[in-house]
>>> print(open('query-v7.cif').read())   # mmCIF, C-alpha atoms
data_input
loop_
_atom_site.label_atom_id
_atom_site.label_comp_id
_atom_site.auth_asym_id
_atom_site.auth_seq_id
_atom_site.Cartn_x
_atom_site.Cartn_y
_atom_site.Cartn_z
CA MET A 1 0.00 0.00 0.00
CA ARG A 2 2.81 2.37 0.90
CA VAL A 3 4.25 1.91 -2.55
CA TYR A 4 1.39 4.01 -3.96
CA PHE A 5 2.19 6.91 -1.68
CA VAL A 6 5.75 7.18 -2.89
CA PRO A 7 5.11 8.33 -6.51
CA ILE A 8 2.36 10.65 -5.28
CA PHE A 9 4.72 12.19 -2.77
CA ILE A 10 7.43 12.59 -5.41
CA LEU A 11 4.97 14.24 -7.78
CA LEU A 12 3.76 16.68 -5.13
CA SER A 13 7.34 17.52 -4.18
CA LEU A 14 8.21 18.36 -7.76
CA LEU A 15 5.11 20.49 -8.19
CA ALA A 16 5.81 22.38 -5.00
CA ALA A 17 9.36 23.03 -6.12
CA CYS A 18 8.50 24.14 -9.65
CA ALA A 19 5.54 26.39 -8.95
CA PRO A 20 7.37 29.22 -7.19
CA ALA A 21 10.21 29.01 -9.67
CA GLU A 22 7.85 29.76 -12.52
CA ILE A 23 6.50 32.79 -10.72
CA ALA A 24 9.74 34.27 -9.47
CA GLY A 25 12.04 33.37 -12.31
CA PRO A 26 12.92 35.63 -15.22
CA SER A 27 10.45 35.85 -18.04
CA LEU A 28 12.01 35.82 -21.46
CA ALA A 29 8.97 37.58 -22.83
CA THR A 30 9.43 40.60 -20.64
CA GLN A 31 13.19 40.77 -20.26
CA GLY A 32 14.61 43.72 -22.07
CA ALA A 33 11.18 45.17 -22.72
CA GLU A 34 9.92 47.62 -20.17
CA PRO A 35 11.03 47.83 -16.58
CA ALA A 36 8.70 47.14 -13.71
CA THR A 37 8.66 49.32 -10.65
CA ALA A 38 9.93 47.76 -7.47
CA THR A 39 6.89 49.21 -5.73
CA PRO A 40 3.85 50.35 -7.70
CA LEU A 41 2.99 54.01 -7.23
CA ARG A 42 -0.53 54.58 -5.91
CA PHE A 43 -2.33 57.85 -6.48
CA THR A 44 -5.72 58.83 -5.18
CA GLY A 45 -8.00 61.73 -5.97
CA GLY A 46 -11.48 61.68 -4.48
CA GLY A 47 -12.83 58.23 -5.30
CA LEU A 48 -10.34 57.73 -8.10
CA VAL A 49 -7.45 55.34 -7.50
CA PHE A 50 -4.68 55.06 -10.06
CA VAL A 51 -1.88 52.54 -9.64
CA LEU A 52 1.21 52.92 -11.80
CA GLU A 53 3.04 49.62 -12.11
CA SER A 54 5.75 50.87 -14.45
CA PRO A 55 7.96 52.63 -15.28
CA ALA A 56 9.51 53.80 -12.04
CA GLU A 57 10.24 57.44 -11.42
CA GLY A 58 13.70 58.16 -12.81
CA ALA A 59 13.86 54.91 -14.74
CA VAL A 60 16.53 54.66 -17.41
CA VAL A 61 15.45 52.75 -20.49
CA ARG A 62 17.23 51.71 -23.66
CA GLN A 63 14.33 51.96 -26.07
CA PRO A 64 12.83 55.17 -27.52
CA GLN A 65 9.49 54.13 -26.09
CA VAL A 66 8.28 53.06 -22.70
CA LEU A 67 5.10 51.20 -21.80
CA LEU A 68 3.04 52.84 -19.11
CA ARG A 69 1.35 50.04 -17.16
CA GLY A 70 -1.14 50.18 -14.38
CA THR A 71 -4.74 49.97 -13.26
CA VAL A 72 -7.48 52.39 -12.41
CA ASN A 73 -10.57 51.65 -10.35
CA ALA A 74 -13.07 53.44 -12.58
CA GLU A 75 -13.51 54.21 -16.25
CA ALA A 76 -11.15 57.07 -16.82
CA VAL A 77 -9.46 59.36 -19.28
CA LEU A 78 -5.67 59.31 -19.37
CA SER A 79 -3.64 61.98 -21.09
CA ILE A 80 0.11 61.94 -21.45
CA ASP A 81 1.22 65.17 -22.99
CA GLU A 82 -0.71 65.17 -26.28
CA GLN A 83 -1.89 61.57 -26.20
CA ILE A 84 -5.36 60.66 -24.92
CA TYR A 85 -6.52 57.19 -23.87
CA LEU A 86 -9.74 55.78 -22.43
CA LEU A 87 -9.04 53.35 -19.61
CA PRO A 88 -11.34 50.52 -18.54
CA ALA A 89 -12.31 50.15 -14.89
CA GLY A 90 -10.43 47.61 -12.82
CA GLN A 91 -8.43 46.14 -15.67
CA PRO A 92 -4.72 46.38 -16.32
CA PHE A 93 -3.78 48.76 -19.10
CA GLU A 94 -0.60 49.54 -20.95
CA VAL A 95 -0.03 52.44 -23.28
CA PRO A 96 3.09 53.24 -25.30
CA VAL A 97 4.81 56.54 -24.66
CA PRO A 98 7.43 57.78 -27.12
CA LEU A 99 10.60 59.18 -25.59
CA LEU A 100 13.20 61.68 -26.69
CA GLU A 101 16.84 60.97 -26.00
CA GLY A 102 17.77 62.08 -22.52
CA PRO A 103 15.42 62.96 -19.66
CA ASN A 104 11.70 63.08 -20.43
CA ALA A 105 9.19 64.78 -18.14
CA LEU A 106 5.89 63.02 -18.83
CA GLY A 107 2.88 65.05 -17.76
CA ILE A 108 0.23 62.52 -16.75
CA VAL A 109 -3.38 63.38 -15.99
CA VAL A 110 -6.06 60.83 -15.12
CA SER A 111 -9.71 61.72 -14.52
CA ASP A 112 -12.88 59.74 -14.03
CA TYR A 113 -16.33 60.67 -15.22
CA GLU A 114 -17.21 62.11 -11.80
CA GLY A 115 -14.61 64.80 -12.20
CA ASN A 116 -11.98 63.37 -9.86
CA VAL A 117 -8.53 64.18 -11.20
CA ILE A 118 -5.04 62.86 -10.52
CA GLU A 119 -2.05 64.54 -12.08
CA PHE A 120 1.67 64.12 -11.74
CA VAL A 121 4.90 64.35 -13.68
CA LEU A 122 6.96 61.22 -14.25
CA THR A 123 10.59 61.39 -15.32
CA VAL A 124 11.97 58.69 -17.60
CA ILE A 125 15.44 58.79 -19.11
CA TYR A 126 16.12 57.33 -22.51
CA GLU A 127 19.72 56.36 -23.01
CA PRO A 128 20.28 54.57 -26.33
CA MET B 1 15.70 -2.84 1.56
CA LYS B 2 13.37 -1.57 -1.11
CA LYS B 3 11.92 0.90 1.42
CA ASN B 4 15.34 2.35 2.14
CA TRP B 5 15.99 2.95 -1.54
CA LEU B 6 12.75 4.81 -1.87
CA LEU B 7 13.68 7.06 1.06
CA VAL B 8 17.04 7.79 -0.54
CA VAL B 9 15.37 8.67 -3.84
CA LEU B 10 12.94 10.96 -2.04
CA GLY B 11 15.74 12.76 -0.26
CA VAL B 12 17.67 13.30 -3.49
CA LEU B 13 14.57 14.65 -5.22
CA PHE B 14 13.98 17.13 -2.42
CA VAL B 15 17.51 18.45 -2.60
CA VAL B 16 17.41 18.75 -6.39
CA SER B 17 14.02 20.49 -6.27
CA LEU B 18 15.15 23.02 -3.70
CA ALA B 19 18.31 23.77 -5.65
CA ALA B 20 16.34 24.26 -8.86
CA THR B 21 13.98 26.65 -7.09
CA GLN B 22 16.82 28.81 -5.88
CA VAL B 23 18.53 28.91 -9.28
CA LEU B 24 15.40 29.68 -11.28
CA ALA B 25 14.22 32.29 -8.83
CA GLY B 26 17.45 34.26 -9.07
CA PRO B 27 17.52 37.97 -9.83
CA GLU B 28 16.43 39.15 -13.24
CA ASP B 29 18.84 40.71 -15.66
CA ASP B 30 18.54 44.41 -15.01
CA SER B 31 21.18 45.54 -17.46
CA LEU B 32 18.49 47.22 -19.56
CA TYR B 33 16.93 48.99 -16.65
CA ARG B 34 19.07 51.12 -14.41
CA ARG B 35 17.83 53.47 -11.78
CA THR B 36 19.35 56.83 -11.15
CA PRO B 37 22.50 56.21 -9.14
CA ASP B 38 22.01 56.28 -5.39
CA ARG B 39 25.11 58.36 -4.85
CA THR B 40 24.72 62.02 -5.55
CA PRO B 41 26.93 63.75 -8.12
CA ALA B 42 28.52 65.70 -5.30
CA ALA B 43 29.44 62.49 -3.56
CA ARG B 44 30.75 61.08 -6.81
CA ALA B 45 32.74 64.23 -7.51
CA THR B 46 34.29 64.01 -4.08
CA GLU B 47 35.00 60.35 -4.58
CA ASN B 48 36.55 61.08 -7.96
CA ALA B 49 38.71 63.85 -6.57
CA GLU B 50 39.87 61.55 -3.82
CA ARG B 51 40.62 58.82 -6.32
CA ARG B 52 42.66 61.18 -8.48
CA ALA B 53 44.50 62.42 -5.46
CA THR B 54 45.51 58.91 -4.57
CA GLN B 55 46.56 57.95 -8.07
CA GLY B 56 49.92 59.62 -7.69
CA ARG B 57 51.39 62.56 -9.46
CA GLY B 58 52.49 62.53 -13.07
CA ASN B 59 49.94 59.97 -13.99
CA GLY B 60 48.57 61.97 -16.88
CA GLN B 61 44.91 61.25 -17.48
CA GLY B 62 44.79 58.47 -14.98
CA GLN B 63 44.13 55.89 -17.63
CA GLY B 64 44.14 52.38 -16.39
CA ASN B 65 43.35 53.49 -12.87
CA GLY B 66 39.59 53.29 -13.07
CA ASN B 67 39.13 56.83 -14.41
CA PRO B 68 35.40 57.08 -14.99
CA GLN B 69 35.81 59.23 -18.11
CA GLY B 70 32.74 58.82 -20.26
CA GLU B 71 30.67 57.65 -17.32
CA ARG B 72 27.04 58.70 -17.65
CA VAL B 73 25.44 60.36 -14.68
CA ASN B 74 21.75 61.18 -14.25
CA PHE B 75 20.61 63.39 -11.42
CA ARG B 76 18.02 65.94 -10.42
CA GLY B 77 18.51 69.33 -8.87
CA ILE B 78 17.25 72.86 -8.41
CA VAL B 79 18.76 75.52 -10.64
CA VAL B 80 20.95 78.00 -8.78
CA SER B 81 22.44 79.75 -11.78
CA ALA B 82 22.99 79.21 -15.46
CA ASP B 83 24.79 80.86 -18.32
CA ALA B 84 25.76 79.78 -21.79
CA ALA B 85 28.68 77.70 -20.52
CA SER B 86 27.57 76.20 -17.24
CA LEU B 87 24.68 75.24 -15.03
CA THR B 88 24.84 75.02 -11.25
CA VAL B 89 22.20 73.15 -9.29
CA THR B 90 21.71 72.04 -5.74
CA VAL B 91 21.09 68.33 -5.38
CA GLU B 92 19.16 66.38 -2.79
CA ASP B 93 21.81 66.54 -0.08
CA GLY B 94 22.16 70.29 -0.52
CA ALA B 95 25.48 70.17 -2.33
CA ALA B 96 26.03 72.43 -5.33
CA VAL B 97 26.99 70.71 -8.54
CA THR B 98 28.13 72.48 -11.69
CA VAL B 99 27.91 70.95 -15.13
CA ALA B 100 29.26 72.37 -18.35
CA LEU B 101 26.83 73.34 -21.08
CA THR B 102 27.91 73.00 -24.68
CA ALA B 103 26.38 73.68 -28.07
CA GLU B 104 25.35 70.01 -28.12
CA THR B 105 23.51 70.14 -24.80
CA ARG B 106 19.79 69.61 -25.36
CA ILE B 107 17.71 71.88 -23.15
CA ARG B 108 14.01 71.14 -22.91
CA VAL B 109 11.32 73.14 -21.19
CA PRO B 110 7.80 71.68 -21.56
CA THR B 111 6.14 75.02 -22.22
CA LEU B 112 8.78 76.23 -24.69
CA GLY B 113 9.06 73.29 -27.04
CA GLY B 114 12.30 73.49 -29.03
CA GLU B 115 12.97 77.12 -28.18
CA ALA B 116 14.58 76.57 -24.82
CA THR B 117 18.09 77.83 -24.17
CA ALA B 118 20.37 78.19 -21.17
CA ALA B 119 18.60 81.46 -20.47
CA SER B 120 15.42 79.44 -19.94
CA LEU B 121 17.00 77.74 -16.92
CA GLN B 122 15.81 80.18 -14.32
CA PRO B 123 16.83 79.83 -10.65
CA GLY B 124 14.39 77.71 -8.69
CA LEU B 125 13.42 75.44 -11.55
CA GLN B 126 13.71 71.73 -10.97
CA VAL B 127 15.75 70.00 -13.64
CA GLN B 128 16.78 66.47 -14.55
CA ILE B 129 20.31 66.40 -15.95
CA GLN B 130 21.91 63.74 -18.07
CA ALA B 131 25.66 64.28 -18.02
CA VAL B 132 28.83 62.54 -19.02
CA ARG B 133 32.13 62.77 -17.21
CA GLY B 134 34.95 64.40 -19.16
CA GLU B 135 38.65 63.65 -19.14
CA ASP B 136 39.26 65.84 -16.10
CA GLY B 137 36.38 64.34 -14.19
CA ALA B 138 34.15 67.36 -14.77
CA LEU B 139 30.54 66.80 -15.73
CA ILE B 140 29.36 67.83 -19.19
CA ALA B 141 25.61 68.05 -19.67
CA ARG B 142 24.20 66.15 -22.61
CA ALA B 143 20.59 67.02 -21.81
CA VAL B 144 18.75 69.17 -19.33
CA GLN B 145 15.02 68.68 -18.85
CA VAL B 146 12.98 71.11 -16.79
CA ILE B 147 10.55 69.19 -14.59
CA PRO B 148 7.30 71.13 -14.33
CA GLY B 149 5.44 71.15 -11.06
CA GLN B 150 2.37 69.84 -12.82
CA PRO B 151 1.45 68.57 -16.27
CA VAL B 152 1.03 71.16 -18.97
CA GLN B 153 -2.45 69.90 -19.77
CA THR B 154 -5.57 69.71 -17.65
CA HIS B 155 -8.86 67.79 -17.58
CA ARG B 156 -12.21 69.36 -16.89
CA VAL B 157 -15.44 67.40 -16.52
CA GLY B 158 -18.79 69.02 -17.11
CA THR B 159 -22.04 69.18 -18.99
CA VAL B 160 -22.11 70.72 -22.44
CA THR B 161 -24.10 73.95 -22.48
CA ASP B 162 -23.15 74.99 -25.98
CA TYR B 163 -21.43 73.22 -28.83
CA GLN B 164 -20.47 74.75 -32.17
CA PRO B 165 -18.77 71.98 -34.19
CA GLY B 166 -15.30 73.01 -35.27
CA VAL B 167 -15.59 76.31 -33.44
CA SER B 168 -16.14 76.06 -29.70
CA ILE B 169 -17.58 74.10 -26.82
CA THR B 170 -18.82 75.42 -23.50
CA ILE B 171 -19.26 73.23 -20.45
CA ALA B 172 -20.52 73.81 -16.93
CA ASP B 173 -18.76 71.96 -14.11
CA ALA B 174 -20.37 70.56 -10.96
CA ALA B 175 -20.20 73.97 -9.30
CA GLY B 176 -21.96 75.59 -12.23
CA LYS B 177 -18.89 77.45 -13.45
CA THR B 178 -18.67 77.61 -17.22
CA TYR B 179 -15.63 77.17 -19.41
CA THR B 180 -15.38 77.80 -23.13
CA TYR B 181 -12.79 76.13 -25.32
CA ARG B 182 -11.94 76.75 -28.91
CA LEU B 183 -11.94 73.78 -31.24
CA SER B 184 -9.46 73.12 -34.04
CA GLU B 185 -8.88 70.48 -36.66
CA GLU B 186 -6.54 68.78 -34.19
CA THR B 187 -9.19 68.51 -31.48
CA ARG B 188 -9.95 64.82 -31.01
CA ILE B 189 -13.45 63.63 -30.16
CA LEU B 190 -13.48 60.29 -28.35
CA PRO B 191 -14.75 57.68 -28.59
CA ALA B 192 -15.62 57.95 -32.26
CA GLU B 193 -18.80 55.87 -31.85
CA ARG B 194 -20.25 58.45 -29.46
CA ALA B 195 -19.37 61.50 -31.56
CA ASP B 196 -23.02 61.89 -32.55
CA SER B 197 -23.90 62.32 -28.87
CA LEU B 198 -21.83 65.45 -28.57
CA GLN B 199 -24.42 68.12 -28.07
CA ALA B 200 -25.86 70.29 -25.29
CA GLY B 201 -26.63 68.17 -22.26
CA ALA B 202 -23.88 65.62 -22.88
CA ARG B 203 -21.40 64.86 -20.12
CA VAL B 204 -17.82 65.27 -21.31
CA THR B 205 -14.22 65.58 -20.26
CA VAL B 206 -12.29 68.31 -22.02
CA ILE B 207 -8.51 67.99 -22.25
CA ALA B 208 -6.77 71.29 -22.84
CA PRO B 209 -3.50 73.09 -22.14
CA ARG B 210 -3.31 74.53 -18.66
CA ASP B 211 -2.04 77.87 -19.93
CA VAL B 212 -4.72 80.50 -20.16
CA THR B 213 -4.47 83.04 -22.93
CA SER B 214 -6.54 86.11 -23.62
CA THR B 215 -8.47 84.20 -26.23
CA GLY B 216 -9.21 81.20 -24.04
CA TRP B 217 -8.20 77.55 -24.27
CA THR B 218 -8.05 75.35 -27.33
CA ALA B 219 -9.26 71.85 -26.57
CA GLN B 220 -6.88 69.02 -27.38
CA GLY B 221 -9.59 66.43 -26.91
CA ILE B 222 -13.19 65.87 -25.86
CA VAL B 223 -14.20 62.58 -24.31
CA ILE B 224 -17.93 61.89 -24.33
CA HIS B 225 -19.08 59.94 -21.30
CA PRO B 226 -21.16 56.77 -21.65
CA ASP B 227 -24.10 58.44 -19.93
CA ALA B 228 -24.00 61.25 -22.42
CA GLY B 229 -27.23 62.66 -21.07
CA ALA B 230 -30.38 63.68 -22.79
CA PRO B 231 -30.07 66.48 -25.29
CA GLN B 232 -31.60 69.74 -24.26
CA PRO B 233 -34.55 70.98 -26.25
#
>>> encode(input="query-v7.cif", output="C-alpha cells")
Amino acid sequence: MRVYFVPIFILLSLLAACAPAEIAGPSLATQGAEPATATPLRFTGGGLVFVLESPAEGAVVRQPQVLLRGTVNAEAVLSIDEQIYLLPAGQPFEVPVPLLEGPNALGIVVSDYEGNVIEFVLTVIYEP
Amino acid sequence: MKKNWLLVVLGVLFVVSLAATQVLAGPEDDSLYRRTPDRTPAARATENAERRATQGRGNGQGQGNGNPQGERVNFRGIVVSADAASLTVTVEDGAAVTVALTAETRIRVPTLGGEATAASLQPGLQVQIQAVRGEDGALIARAVQVIPGQPVQTHRVGTVTDYQPGVSITIADAAGKTYTYRLSEETRILPAERADSLQAGARVTVIAPRDVTSTGWTAQGIVIHPDAGAPQP
C-alpha cells in the first residue's frame, strides 16, 4: 500500500518546487522590454485610484518608447502630454509613450467621469 | 531494503528540487533597466577627486586606474544659476553641482518646445540632468530637462451647455462654473462611436493646455461619457 504513496509524494514535491520558480524566475517575454517598478505608485484623488506599475520614477530605459502600465478603479481618461486614452475600470492597461533621448518629463493626468482628477509628472530617461 | 531505496530517492529529489527553485528564482537581468544612481553627483565628484588624489602625481589622465571618463550620470537638482557655458544646481543633499553646457547640450522646457536655451533655466526650476564625465572628471551636460510642477495639460469634466462643431464648446462643471474652449482640426473627439452624442446636455471631459491666454483655451480632446445625457430641447 505504501508503494502508492511514494510516486504521489514525489509528484507533489516536484510540483511544490516548480511552482514558485515559474512565478519568481525571469520571463524571457518581458526581459529587455519595459522595466517594472519595485513598488507600484498609488495615487488617489477623491474616489479615483490610479496605480502605476511601471515605469519607475527616474527609470533609465534603452528603447525610444516606454510602456506605461497600471490599473485604475473606474472608467477614466488618461492623457500623457498630447496623447489621450480611455481606460477601462479595474483592468490592467498599458499604453506606449514615445521618448526623446535624454530625460523626459511626462505630464500625466487621469480623470474619471465624476470629475476626480489625478495629475503628476513622471521622469523617464532614454539612453540609447 | 526496497523501502530504504525509496527514502534515498525521495531525499535526493527534495535536494534537487530546492536547488532548482533557488537557481530559477534568481535575480532578473537588469542591465536594460538602471535606476538613477544612489550616490549624488557631489558624492561622486568628491569620490573622484579623492581617487585622483591617490593615483599619484604625473599619472597623466589616470588611464588604467579606473578613471570614470565617459561615465554617464543622471541626477536631479534645483537651478541656482545658469549661463551659456555652465549650469549650477543644488542636489538632494544640498550640495552644489556644476555641469558644463555645450552647443550640443539639449535643453528642454515643456512650455517652450524646441525654443529653450540656457537662459530658460531660471533659478528655482527643478531639472533632470543627463551628463557625461569628461577627461578631467568634470561633468558635461548632454541634456537638461525642466521638470514642471504639474502637467502642462488639464482635464475638466462638465455638462455641455453649448457646442459649435469646429468652433467652440462650453461646459458647466459641478459647481456651475462655465468654461469655453476653442476647437481646431486637431481637437480629437473620443470615442468615435459616441461622436453623434456630442451636443448640449452631454457629459464630457475636455482635455486642454493649462495655460490661459486672452483668447481662451483650445481643446486638445473631448471625451464623451457613456451616460451622455439627454439632449436639451
>>> resolve_selection(input="query-v7.cif", expression="the PyMOL selection byres ((chain B and resi 150-157) around 6)", output="PyMOL selection string")
(chain A and resi 107+115+120) or (chain B and resi 148-149+158+204-210)
>>> closest_residue(input="query-v7.cif", among="B:Ala174, B:Val160, B:Leu101, B:Leu121", to="chain A", atoms="only C-alpha atoms")
B:Ala174
>>> resolve_selection(input="query-v7.cif", expression="the PyMOL selection byres ((chain B and resi 71) around 10)", output="JSON, numbers by chain")
{"B": [67, 68, 69, 70, 72, 73, 131, 132, 133, 134, 137, 139]}
>>> closest_residue(input="query-v7.cif", among="A:Val117, A:Ala105, A:Ile125, A:Leu86", to="Leu48 of chain A", atoms="all atoms listed in the file")
A:Val117
>>> residues_around(input="query-v7.cif", residues="Val109 of chain B", least_positions_apart="2", cutoff="10 Å", atoms="all atoms listed in the file", output="ChimeraX atom specification")
/A:105 /B:107,111-117,120-121,127,144-148
>>> resolve_selection(input="query-v7.cif", expression="the PyMOL selection byres ((chain A and resi 67) around 8)", output="JSON, numbers by chain")
{"A": [34, 54, 55, 65, 66, 68, 69, 94, 95, 96, 97]}
